[in-house]
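Structure file my_file.pdb with PDB, C-alpha atoms:
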```pdb
ATOM      1  CA  ILE A 549       0.000   0.000   0.000
ATOM      2  CA  LEU A 550       1.370   3.392  -1.017
ATOM      3  CA  HIS A 551       0.238   6.854  -0.003
ATOM      4  CA  GLU A 552       0.793   9.954  -2.141
ATOM      5  CA  SER A 553       0.602  13.081  -0.036
ATOM      6  CA  ASP A 554       1.144  15.708  -2.753
ATOM      7  CA  LEU A 555      -1.248  16.608  -5.528
ATOM      8  CA  THR A 556       0.888  14.932  -8.194
ATOM      9  CA  PRO A 557       2.891  11.722  -7.565
ATOM     10  CA  GLY A 558       6.551  12.140  -6.705
ATOM     11  CA  LEU A 559       9.373  10.075  -8.169
ATOM     12  CA  ALA A 560       9.478   7.448  -5.400
ATOM     13  CA  ASN A 561       5.795   6.634  -5.748
ATOM     14  CA  ARG A 562       5.912   6.681  -9.546
ATOM     15  CA  LEU A 563       8.636   4.023  -9.387
ATOM     16  CA  CYS A 564       6.749   1.915  -6.836
ATOM     17  CA  ILE A 565       3.208   2.108  -8.237
ATOM     18  CA  PRO A 566       3.636  -0.925 -10.585
ATOM     19  CA  PHE A 567       4.399  -3.088  -7.542
ATOM     20  CA  ALA A 568       1.614  -1.752  -5.290
ATOM     21  CA  ALA A 569      -1.816  -3.241  -4.636
ATOM     22  CA  VAL A 570      -3.339   0.062  -3.511
ATOM     23  CA  VAL A 571      -2.307   3.697  -3.961
ATOM     24  CA  CYS A 572      -3.927   6.108  -1.502
ATOM     25  CA  ALA A 573      -4.100   9.844  -2.161
ATOM     26  CA  SER A 574      -4.518  12.901   0.052
ATOM     27  CA  PHE A 575      -5.988  15.067  -2.732
ATOM     28  CA  ALA A 576      -9.010  14.176  -4.840
ATOM     29  CA  GLU A 577      -7.191  15.961  -7.676
ATOM     30  CA  THR A 578      -4.499  13.252  -7.571
ATOM     31  CA  MET A 579      -6.819  10.490  -8.751
ATOM     32  CA  PRO A 580      -6.446  11.109 -12.518
ATOM     33  CA  HIS A 581      -2.664  10.716 -12.082
ATOM     34  CA  LEU A 582      -3.022   7.183 -10.639
ATOM     35  CA  PRO A 583      -4.042   3.799 -12.116
ATOM     36  CA  LEU A 584      -7.818   3.634 -11.802
ATOM     37  CA  ALA A 585      -7.864   0.065 -10.473
ATOM     38  CA  LYS A 586      -5.434   0.873  -7.650
ATOM     39  CA  ALA A 587      -6.338   4.422  -6.675
ATOM     40  CA  VAL A 588      -8.227   5.244  -3.473
ATOM     41  CA  HIS A 589      -8.898   8.795  -2.258
ATOM     42  CA  THR A 590      -8.367   8.411   1.481
ATOM     43  CA  GLY A 591      -7.258  11.877   2.510
ATOM     44  CA  PRO A 592      -4.134  12.293   4.635
ATOM     45  CA  PRO A 593      -3.036  10.383   7.742
ATOM     46  CA  ILE A 594      -3.099  12.958  10.558
ATOM     47  CA  ARG A 595      -1.440  12.477  13.944
ATOM     48  CA  ASP A 596      -4.116  11.920  16.573
ATOM     49  CA  GLU A 597      -2.282  13.964  19.224
ATOM     50  CA  LEU A 598      -2.804  17.138  17.214
ATOM     51  CA  PHE A 599      -6.518  16.988  18.026
ATOM     52  CA  HIS A 600      -5.847  17.067  21.776
ATOM     53  CA  GLY A 601      -3.954  20.336  22.118
ATOM     54  CA  ASP A 602      -4.678  22.682  25.011
ATOM     55  CA  ALA A 603      -4.720  26.353  23.992
ATOM     56  CA  LYS A 604      -4.188  27.504  27.577
ATOM     57  CA  LYS A 605      -1.047  25.371  27.854
ATOM     58  CA  GLY A 606       0.085  26.638  24.463
ATOM     59  CA  ARG A 607      -0.225  30.249  25.574
ATOM     60  CA  ALA A 608       1.669  29.460  28.784
ATOM     61  CA  TYR A 609       4.459  27.821  26.787
ATOM     62  CA  LEU A 610       4.676  30.800  24.422
ATOM     63  CA  ARG A 611       5.829  33.593  26.685
ATOM     64  CA  LEU A 612       6.594  35.480  23.489
ATOM     65  CA  GLY A 613       9.897  36.943  24.593
ATOM     66  CA  ALA A 614       8.442  38.871  27.525
ATOM     67  CA  PRO A 615      10.499  39.120  30.723
ATOM     68  CA  ALA A 616       9.903  36.254  33.152
ATOM     69  CA  SER A 617       8.016  38.570  35.525
ATOM     70  CA  GLU A 618       5.388  39.395  32.893
ATOM     71  CA  LYS A 619       2.438  37.390  31.631
ATOM     72  CA  VAL A 620       1.539  37.240  27.941
ATOM     73  CA  GLY A 621      -2.017  38.487  28.470
ATOM     74  CA  SER A 622      -2.399  40.090  25.037
ATOM     75  CA  ASP A 623      -5.672  40.101  23.159
ATOM     76  CA  LYS A 624      -3.846  40.296  19.825
ATOM     77  CA  PRO A 625      -4.318  37.200  17.644
ATOM     78  CA  LEU A 626      -1.474  34.689  17.705
ATOM     79  CA  LEU A 627       0.289  34.169  14.371
ATOM     80  CA  LEU A 628       2.230  30.904  14.173
ATOM     81  CA  VAL A 629       5.018  30.888  11.573
ATOM     82  CA  ILE A 630       6.285  27.470  10.447
ATOM     83  CA  GLY A 631       8.836  27.160   7.667
ATOM     84  CA  GLY A 632       8.849  23.374   7.384
ATOM     85  CA  SER A 633      10.984  20.784   9.160
ATOM     86  CA  LEU A 634      14.230  22.580   8.293
ATOM     87  CA  GLY A 635      12.896  26.107   8.535
ATOM     88  CA  SER A 636      12.779  28.585   5.676
ATOM     89  CA  ARG A 637      15.348  31.323   5.208
ATOM     90  CA  ALA A 638      12.988  33.266   2.928
ATOM     91  CA  LEU A 639      10.148  33.171   5.470
ATOM     92  CA  ASN A 640      12.475  33.942   8.357
ATOM     93  CA  GLN A 641      13.853  37.019   6.638
ATOM     94  CA  ALA A 642      10.443  38.273   5.494
ATOM     95  CA  VAL A 643       8.848  37.831   8.918
ATOM     96  CA  ARG A 644      11.699  39.477  10.812
ATOM     97  CA  SER A 645      11.904  42.454   8.481
ATOM     98  CA  SER A 646       8.124  42.868   8.922
ATOM     99  CA  LEU A 647       8.050  42.527  12.715
ATOM    100  CA  PRO A 648       7.567  46.257  13.475
ATOM    101  CA  LYS A 649       4.338  46.208  11.461
ATOM    102  CA  LEU A 650       3.258  42.680  12.358
ATOM    103  CA  LEU A 651       3.556  43.259  16.097
ATOM    104  CA  GLU A 652       1.106  46.147  15.846
ATOM    105  CA  THR A 653      -1.574  43.555  15.093
ATOM    106  CA  PHE A 654      -0.298  40.106  16.052
ATOM    107  CA  GLN A 655       1.641  38.149  18.611
ATOM    108  CA  VAL A 656       4.148  36.049  16.664
ATOM    109  CA  ALA A 657       5.387  32.541  17.469
ATOM    110  CA  HIS A 658       8.148  31.763  14.984
ATOM    111  CA  VAL A 659       9.458  28.225  14.378
ATOM    112  CA  CYS A 660      12.569  29.144  12.425
ATOM    113  CA  GLY A 661      14.486  25.853  12.015
ATOM    114  CA  LYS A 662      17.864  24.647  13.217
ATOM    115  CA  GLY A 663      20.395  27.471  13.294
ATOM    116  CA  GLY A 664      17.716  30.042  12.531
ATOM    117  CA  LEU A 665      17.528  31.865  15.873
ATOM    118  CA  ASP A 666      18.301  35.584  15.974
ATOM    119  CA  SER A 667      19.751  36.546  19.358
ATOM    120  CA  ALA A 668      18.971  40.232  18.745
ATOM    121  CA  LEU A 669      15.251  39.428  18.904
ATOM    122  CA  GLU A 670      15.346  37.231  22.011
ATOM    123  CA  ASN A 671      13.645  39.741  24.330
ATOM    124  CA  LEU A 672      11.332  41.403  21.835
ATOM    125  CA  ALA A 673       7.883  41.715  23.426
ATOM    126  CA  GLY A 674       5.170  39.878  21.510
ATOM    127  CA  TYR A 675       7.638  37.651  19.648
ATOM    128  CA  ARG A 676       8.802  34.140  20.478
ATOM    129  CA  GLN A 677      11.266  32.173  18.348
ATOM    130  CA  ALA A 678      12.234  28.508  18.522
ATOM    131  CA  GLU A 679      14.299  26.237  16.304
ATOM    132  CA  TYR A 680      11.794  23.442  16.804
ATOM    133  CA  ILE A 681       8.673  22.725  18.857
ATOM    134  CA  GLY A 682       8.307  19.125  19.965
ATOM    135  CA  PRO A 683       5.682  17.715  22.362
ATOM    136  CA  GLU A 684       4.196  21.181  22.873
ATOM    137  CA  LEU A 685       3.205  21.550  19.203
ATOM    138  CA  PRO A 686      -0.431  20.385  19.646
ATOM    139  CA  ASP A 687      -0.856  22.991  22.399
ATOM    140  CA  VAL A 688       0.776  25.719  20.316
ATOM    141  CA  LEU A 689      -1.425  24.883  17.332
ATOM    142  CA  ALA A 690      -4.480  24.984  19.577
ATOM    143  CA  ALA A 691      -3.456  28.457  20.756
ATOM    144  CA  ALA A 692      -2.703  29.786  17.264
ATOM    145  CA  ASP A 693      -5.318  31.945  15.551
ATOM    146  CA  LEU A 694      -3.575  32.109  12.155
ATOM    147  CA  VAL A 695      -0.698  30.261  10.497
ATOM    148  CA  LEU A 696       1.958  31.362   8.016
ATOM    149  CA  SER A 697       3.600  28.340   6.428
ATOM    150  CA  ARG A 698       5.172  26.627   3.481
ATOM    151  CA  ALA A 699       2.764  24.346   1.606
ATOM    152  CA  GLY A 700       3.918  20.818   2.366
ATOM    153  CA  SER A 701       0.878  18.584   2.155
ATOM    154  CA  ASN A 702       1.090  17.052   5.632
ATOM    155  CA  ALA A 703       1.237  20.481   7.254
ATOM    156  CA  ILE A 704      -1.595  22.047   5.286
ATOM    157  CA  PHE A 705      -3.936  19.118   5.892
ATOM    158  CA  GLU A 706      -3.198  19.477   9.612
ATOM    159  CA  PHE A 707      -4.195  23.150   9.421
ATOM    160  CA  LEU A 708      -7.354  22.083   7.597
ATOM    161  CA  ALA A 709      -8.226  19.450  10.204
ATOM    162  CA  LEU A 710      -7.695  21.976  13.014
ATOM    163  CA  GLN A 711      -9.504  24.762  11.114
ATOM    164  CA  LYS A 712      -6.577  27.190  11.268
ATOM    165  CA  PRO A 713      -6.806  29.987   8.655
ATOM    166  CA  ASN A 714      -3.487  30.047   6.863
ATOM    167  CA  LEU A 715      -1.321  31.969   4.434
ATOM    168  CA  LEU A 716       0.841  29.645   2.339
ATOM    169  CA  VAL A 717       4.159  30.579   0.723
ATOM    170  CA  PRO A 718       4.991  27.502  -1.377
ATOM    171  CA  LEU A 719       8.499  26.580  -2.403
ATOM    172  CA  SER A 720       9.215  28.005  -5.839
ATOM    173  CA  LYS A 721       9.949  25.833  -8.881
ATOM    174  CA  ALA A 722      13.555  26.969  -8.605
ATOM    175  CA  ALA A 723      13.840  24.983  -5.360
ATOM    176  CA  SER A 724      11.409  22.104  -5.981
ATOM    177  CA  ARG A 725       9.395  20.233  -8.594
ATOM    178  CA  GLY A 726       6.511  22.611  -7.965
ATOM    179  CA  ASP A 727       4.461  20.255  -5.790
ATOM    180  CA  GLN A 728       3.923  22.842  -3.049
ATOM    181  CA  ILE A 729       2.604  25.336  -5.592
ATOM    182  CA  LEU A 730      -0.026  22.830  -6.733
ATOM    183  CA  ASN A 731      -0.905  21.937  -3.141
ATOM    184  CA  ALA A 732      -1.389  25.595  -2.247
ATOM    185  CA  GLN A 733      -3.425  26.358  -5.355
ATOM    186  CA  ALA A 734      -5.762  23.457  -4.603
ATOM    187  CA  PHE A 735      -6.361  24.688  -1.057
ATOM    188  CA  ALA A 736      -6.886  28.273  -2.220
ATOM    189  CA  ALA A 737      -9.418  27.126  -4.827
ATOM    190  CA  GLN A 738     -11.474  25.435  -2.084
ATOM    191  CA  GLY A 739     -11.356  28.471   0.181
ATOM    192  CA  TYR A 740      -9.086  26.947   2.837
ATOM    193  CA  SER A 741      -6.005  29.142   2.349
ATOM    194  CA  ARG A 742      -4.529  32.320   0.964
ATOM    195  CA  VAL A 743      -1.424  31.972  -1.202
ATOM    196  CA  LEU A 744       1.546  34.304  -1.568
ATOM    197  CA  PRO A 745       4.108  33.227  -4.212
ATOM    198  CA  GLU A 746       7.674  33.354  -2.931
ATOM    199  CA  GLU A 747       8.573  35.612  -5.842
ATOM    200  CA  SER A 748       6.122  38.175  -4.423
ATOM    201  CA  LEU A 749       7.252  37.819  -0.816
ATOM    202  CA  THR A 750       7.979  41.389   0.243
ATOM    203  CA  GLU A 751       7.464  43.108   3.593
ATOM    204  CA  ASP A 752       4.445  45.121   2.434
ATOM    205  CA  ARG A 753       2.808  42.219   0.605
ATOM    206  CA  LEU A 754       3.288  39.855   3.554
ATOM    207  CA  VAL A 755       1.712  42.274   6.007
ATOM    208  CA  ALA A 756      -1.179  42.987   3.627
ATOM    209  CA  GLU A 757      -1.869  39.286   3.053
ATOM    210  CA  LEU A 758      -1.798  38.461   6.751
ATOM    211  CA  ASN A 759      -4.170  41.321   7.537
ATOM    212  CA  ALA A 760      -6.498  40.104   4.795
ATOM    213  CA  LEU A 761      -6.326  36.604   6.267
ATOM    214  CA  ARG A 762      -7.194  37.948   9.690
ATOM    215  CA  ASN A 763     -10.108  39.980   8.374
ATOM    216  CA  GLY A 764     -11.517  36.980   6.497
ATOM    217  CA  SER A 765     -10.645  34.346   9.087
ATOM    218  CA  GLU A 766     -14.229  33.296   9.801
ATOM    219  CA  THR A 767     -14.857  32.685   6.100
ATOM    220  CA  TYR A 768     -11.825  30.392   5.938
ATOM    221  CA  ARG A 769     -12.871  28.564   9.117
ATOM    222  CA  ARG A 770     -16.355  27.926   7.731
ATOM    223  CA  ALA A 771     -14.939  26.509   4.498
ATOM    224  CA  MET A 772     -12.601  24.216   6.429
ATOM    225  CA  ALA A 773     -15.357  23.106   8.801
ATOM    226  CA  GLU A 774     -17.430  21.978   5.810
ATOM    227  CA  SER A 775     -14.547  20.107   4.143
ATOM    228  CA  PRO A 776     -14.944  16.312   3.754
ATOM    229  CA  ALA A 777     -11.139  16.033   4.047
ATOM    230  CA  ARG A 778     -11.006  17.191   7.681
ATOM    231  CA  ASP A 779     -11.001  13.693   9.219
ATOM    232  CA  GLY A 780      -8.401  12.259   6.887
ATOM    233  CA  ALA A 781      -6.873   9.818   9.369
ATOM    234  CA  ALA A 782     -10.161   7.986   9.806
ATOM    235  CA  HIS A 783     -10.618   7.754   6.046
ATOM    236  CA  VAL A 784      -7.166   6.221   5.631
ATOM    237  CA  LEU A 785      -7.845   3.516   8.208
ATOM    238  CA  ILE A 786     -11.290   2.712   6.863
ATOM    239  CA  GLN A 787     -10.181   2.494   3.250
ATOM    240  CA  ILE A 788      -7.067   0.422   3.967
ATOM    241  CA  ARG A 789      -9.099  -2.106   5.974
ATOM    242  CA  LYS A 790     -11.176  -2.729   2.864
ATOM    243  CA  PHE A 791      -8.078  -4.116   1.179
ATOM    244  CA  SER A 792      -6.722  -6.118   4.129
TER
END
```
Kindly transcribe the structure held in the file into structure tokens.
Amino acid sequence: ILHESDLTPGLANRLCIPFAAVVCASFAETMPHLPLAKAVHTGPPIRDELFHGDAKKGRAYLRLGAPASEKVGSDKPLLLVIGGSLGSRALNQAVRSSLPKLLETFQVAHVCGKGGLDSALENLAGYRQAEYIGPELPDVLAAADLVLSRAGSNAIFEFLALQKPNLLVPLSKAASRGDQILNAQAFAAQGYSRVLPEESLTEDRLVAELNALRNGSETYRRAMAESPARDGAAHVLIQIRKFS
């Protein structure tokens, strides 16, 4: 049994498909790219622990760079920035150059990747940076109001399942085969996400897109709440059992 997480099959799955009994897909749009007799639209497998996050614990964990004697206590929405498992230099630079404007509206929790910390920003009020968030991630996601992210399929389906309005900055074709661009376009077409091409990633455009996301957040949440792909993990288990 194979599972294709991106909208179009990657090289590894294309090589393995002739030897597979079943090929599962996260996206309905992937089905025409797969052998009809083997293809099953299951949705994505989503980690169960993500559904059990505690927003209060997430806010306690994210002290947002404030001195230890202060509580977070802000009514500004929490923007979670995730650049993928290795971080994203382009996102890191764009977010940090935009912080003066972003912090007028948002609290920012920034997962910047290994080696991506900026010591000059360590005590900036309203901003918290971390190379990586481990066991606390479900709590942080529960606390987050909005997400700025790359467009890897696992991540964006998690945002969908948790109904987190998101702005996606997919990897450009110069750095990938273009799979994240297709993923992001599919989510934007269904009303789950906003998309900002990396080529257009400037300080002013980033701030404008995030403000637009905030202003339309309820519209995005409603679209995600109505999505049949929200409970992807259950679909995967049910469909695979049919072939066992």
*Report as a list in words the full result of the PyMOL selection byres ((chain A and resi 711) around 9) when it is applied to this structure.*
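Taken on the displayed file, the PyMOL selection byres ((chain A and resi 711) around 9) yields the residues Glu706, Phe707, Leu708, Ala709, Leu710, Lys712, Pro713, Tyr740, Tyr768, Arg769, Arg770, Ala771, Met772, Ala773 and Arg778 of chain A.
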*From the set A:Phe654, A:Phe567, A:Phe735, A:Phe575, which residue has the shortest atom-to-atom contact distance to Asp623 (chain A), counting only C-alpha atoms?*
A:Phe654
*Rounded to one decimal place, report the CA of Leu715 (chain A)-CA of Ala732 (chain A) distance in Å.*
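Computing it gives 9.2 Å between the two atoms.
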*Written as a ChimeraX atom specification, which residues does the PyMOL selection byres ((chain A and resi 579-585) around 10) give for the file shown?*
/A:552,555-557,562,565-566,569-578,586-589
*What lies within 8 Å of region 748-751 of chain A using all atoms listed in the file, ignoring chain neighbours under 2 positions off, as a ChimeraX atom specification?*
/A:642-643,645-646,744-746,753-755
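If all atoms listed in the file are the atoms counted, then among A:Asn640, A:Asn763, A:Ser775, A:Gln738 the closest residue to Asp693 (chain A) is A:Asn763.
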*Around (-3.1, 30.0, 21.1) in the file's own coordinates, what residues are found within 12 Å if you use only C-alpha atoms, given back as a ChimeraX atom specification?*
/A:601-612,620-628,654-657,684-695,712
*For region 717-723 of chain A: contacts at 10 Å, only C-alpha atoms, fewer than 4 positions along chain excluded, given as a list of chain:residue names*: A:Gly631, A:Ser636, A:Ala638, A:Leu639, A:Leu696, A:Ser697, A:Arg698, A:Ala699, A:Gly700, A:Asp727, A:Gln728, A:Ile729, A:Leu730, A:Asn731, A:Ala732, A:Gln733, A:Arg742, A:Val743, A:Leu744, A:Pro745, A:Glu746, A:Glu747, A:Ser748, A:Leu749, A:Leu754
*Go ahead and compute the interatomic distance for CA of Ala756 (chain A) and CA of Lys649 (chain A), in Å to one decimal.*
10.1 Å
*Name all residues at most 12 Å from Ser667 (chain A) (count all atoms listed in the file; drop same-chain ones fewer than 4 positions away) and give them as a ChimeraX atom specification.*
/A:613,663,671-672,676-678
*For CA of Gly674 (chain A) and CA of Gly764 (chain A), determine how far apart the two atoms are, in Å to one decimal place.*
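Computed distance, CA of Gly674 (chain A) to CA of Gly764 (chain A), equals 22.6 Å.
The residues returned by the PyMOL selection byres ((chain A and resi 701) around 6) on the shown structure are Ser553, Asp554, Gly700, Asn702, Ala703 and Ile704 of chain A.
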